[in-house]
$ cat structure04.pdb   # PDB, C-alpha atoms
ATOM      1  CA  MET A   1     153.290 232.636 -28.790
ATOM      2  CA  THR A   2     152.576 233.936 -32.277
ATOM      3  CA  PHE A   3     149.178 234.757 -33.684
ATOM      4  CA  LEU A   4     149.127 231.593 -35.792
ATOM      5  CA  ASP A   5     150.002 229.490 -32.731
ATOM      6  CA  GLN A   6     147.156 231.072 -30.789
ATOM      7  CA  LEU A   7     144.747 230.548 -33.683
ATOM      8  CA  GLN A   8     145.783 226.906 -33.989
ATOM      9  CA  HIS A   9     145.275 226.443 -30.243
ATOM     10  CA  ILE A  10     141.770 227.933 -30.468
ATOM     11  CA  LEU A  11     140.815 225.782 -33.453
ATOM     12  CA  HIS A  12     141.840 222.646 -31.539
ATOM     13  CA  SER A  13     139.820 223.653 -28.478
ATOM     14  CA  ARG A  14     136.660 221.677 -27.707
ATOM     15  CA  LYS A  15     135.258 224.742 -25.951
ATOM     16  CA  PHE A  16     135.529 226.720 -29.189
ATOM     17  CA  TRP A  17     133.683 224.101 -31.228
ATOM     18  CA  VAL A  18     130.954 223.833 -28.595
ATOM     19  CA  LEU A  19     130.578 227.617 -28.851
ATOM     20  CA  ILE A  20     130.296 227.369 -32.641
ATOM     21  CA  ALA A  21     127.690 224.590 -32.321
ATOM     22  CA  ALA A  22     125.655 226.667 -29.844
ATOM     23  CA  LEU A  23     125.774 229.705 -32.108
ATOM     24  CA  LEU A  24     124.753 227.645 -35.149
ATOM     25  CA  ALA A  25     121.886 226.049 -33.218
ATOM     26  CA  THR A  26     120.737 229.499 -32.127
ATOM     27  CA  LEU A  27     120.938 230.766 -35.691
ATOM     28  CA  ALA A  28     118.964 227.772 -36.973
ATOM     29  CA  ALA A  29     116.279 228.267 -34.326
ATOM     30  CA  PHE A  30     116.023 231.954 -35.170
ATOM     31  CA  VAL A  31     115.878 231.412 -38.935
ATOM     32  CA  THR A  32     113.109 228.837 -38.555
ATOM     33  CA  GLN A  33     111.271 231.232 -36.228
ATOM     34  CA  GLU A  34     111.398 228.829 -33.284
ATOM     35  CA  ILE A  35     112.769 231.648 -31.110
ATOM     36  CA  THR A  36     112.448 235.429 -31.138
ATOM     37  CA  VAL A  37     115.273 237.870 -31.700
ATOM     38  CA  TRP A  38     115.488 238.512 -27.944
ATOM     39  CA  GLN A  39     115.721 234.809 -27.163
ATOM     40  CA  ALA A  40     118.436 234.482 -29.811
ATOM     41  CA  LEU A  41     120.317 237.390 -28.273
ATOM     42  CA  GLN A  42     120.058 235.806 -24.814
ATOM     43  CA  ALA A  43     121.346 232.504 -26.195
ATOM     44  CA  VAL A  44     124.306 234.197 -27.901
ATOM     45  CA  VAL A  45     125.230 236.138 -24.764
ATOM     46  CA  ALA A  46     124.916 232.988 -22.641
ATOM     47  CA  ALA A  47     127.082 230.952 -25.045
ATOM     48  CA  LEU A  48     129.766 233.644 -25.101
ATOM     49  CA  ALA A  49     129.670 233.942 -21.304
ATOM     50  CA  VAL A  50     130.092 230.196 -20.867
ATOM     51  CA  TYR A  51     132.980 230.162 -23.362
ATOM     52  CA  SER A  52     134.777 233.078 -21.726
ATOM     53  CA  THR A  53     134.286 231.570 -18.262
ATOM     54  CA  GLY A  54     135.685 228.234 -19.439
ATOM     55  CA  VAL A  55     138.719 229.919 -20.974
ATOM     56  CA  ALA A  56     139.263 231.968 -17.812
ATOM     57  CA  ILE A  57     139.136 228.864 -15.629
ATOM     58  CA  GLU A  58     141.569 227.091 -17.961
ATOM     59  CA  ASP A  59     143.921 230.085 -17.964
ATOM     60  CA  ASN A  60     143.807 230.246 -14.164
ATOM     61  CA  GLY A  61     144.912 226.628 -13.978
ATOM     62  CA  ASN A  62     147.775 227.246 -16.419
ATOM     63  CA  GLY A  63     149.051 230.440 -14.813
ATOM     64  CA  SER A  64     151.870 230.832 -12.355
ATOM     65  CA  HIS A  65     150.932 230.998  -8.686
ATOM     66  CA  GLN A  66     152.996 233.878  -7.350
ATOM     67  CA  LEU A  67     152.176 235.737  -4.177
TER      68      LEU A  67
END
$ encode --input "structure04.pdb" --output "structure tokens"
Amino acid sequence: MTFLDQLQHILHSRKFWVLIAALLATLAAFVTQEITVWQALQAVVAALAVYSTGVAIEDNGNGSHQL
């Protein structure tokens, strides 16, 4: 799979766009001073953790099951 194929796959992923929405919501809350920098950092780390976990679960389901 080429880089452009991988990029296209990511851009069509709902998980990716949910991550972008979460990051934008966090940024908006921080800019309007609804949350502190530490709360923003926690939200970013949580969003990235959820995204990476979702991708890992998806990859596990798509992988070969060799013993």
$ atom_distance --input "structure04.pdb" --atom1 "CA of Thr2 in chain A" --atom2 "CA of Ala47 in chain A"
26.7 Å
$ residues_around --input "structure04.pdb" --residues "range 14-19 of chain A" --least-positions-apart "3" --cutoff "12 Å" --atoms "only C-alpha atoms" --output "PyMOL selection string"
chain A and resi 7-11+22-26+43-58
$ atom_distance --input "structure04.pdb" --atom1 "CA of Phe3 in chain A" --atom2 "CA of Gly61 in chain A"
21.7 Å
$ atom_distance --input "structure04.pdb" --atom1 "CA of Ser13 in chain A" --atom2 "CA of Ala40 in chain A"
24.0 Å
$ closest_residue --input "structure04.pdb" --among "A:Leu27, A:Met1, A:Gln6, A:Ile20" --to "Leu41 in chain A" --atoms "all atoms listed in the file"
A:Leu27
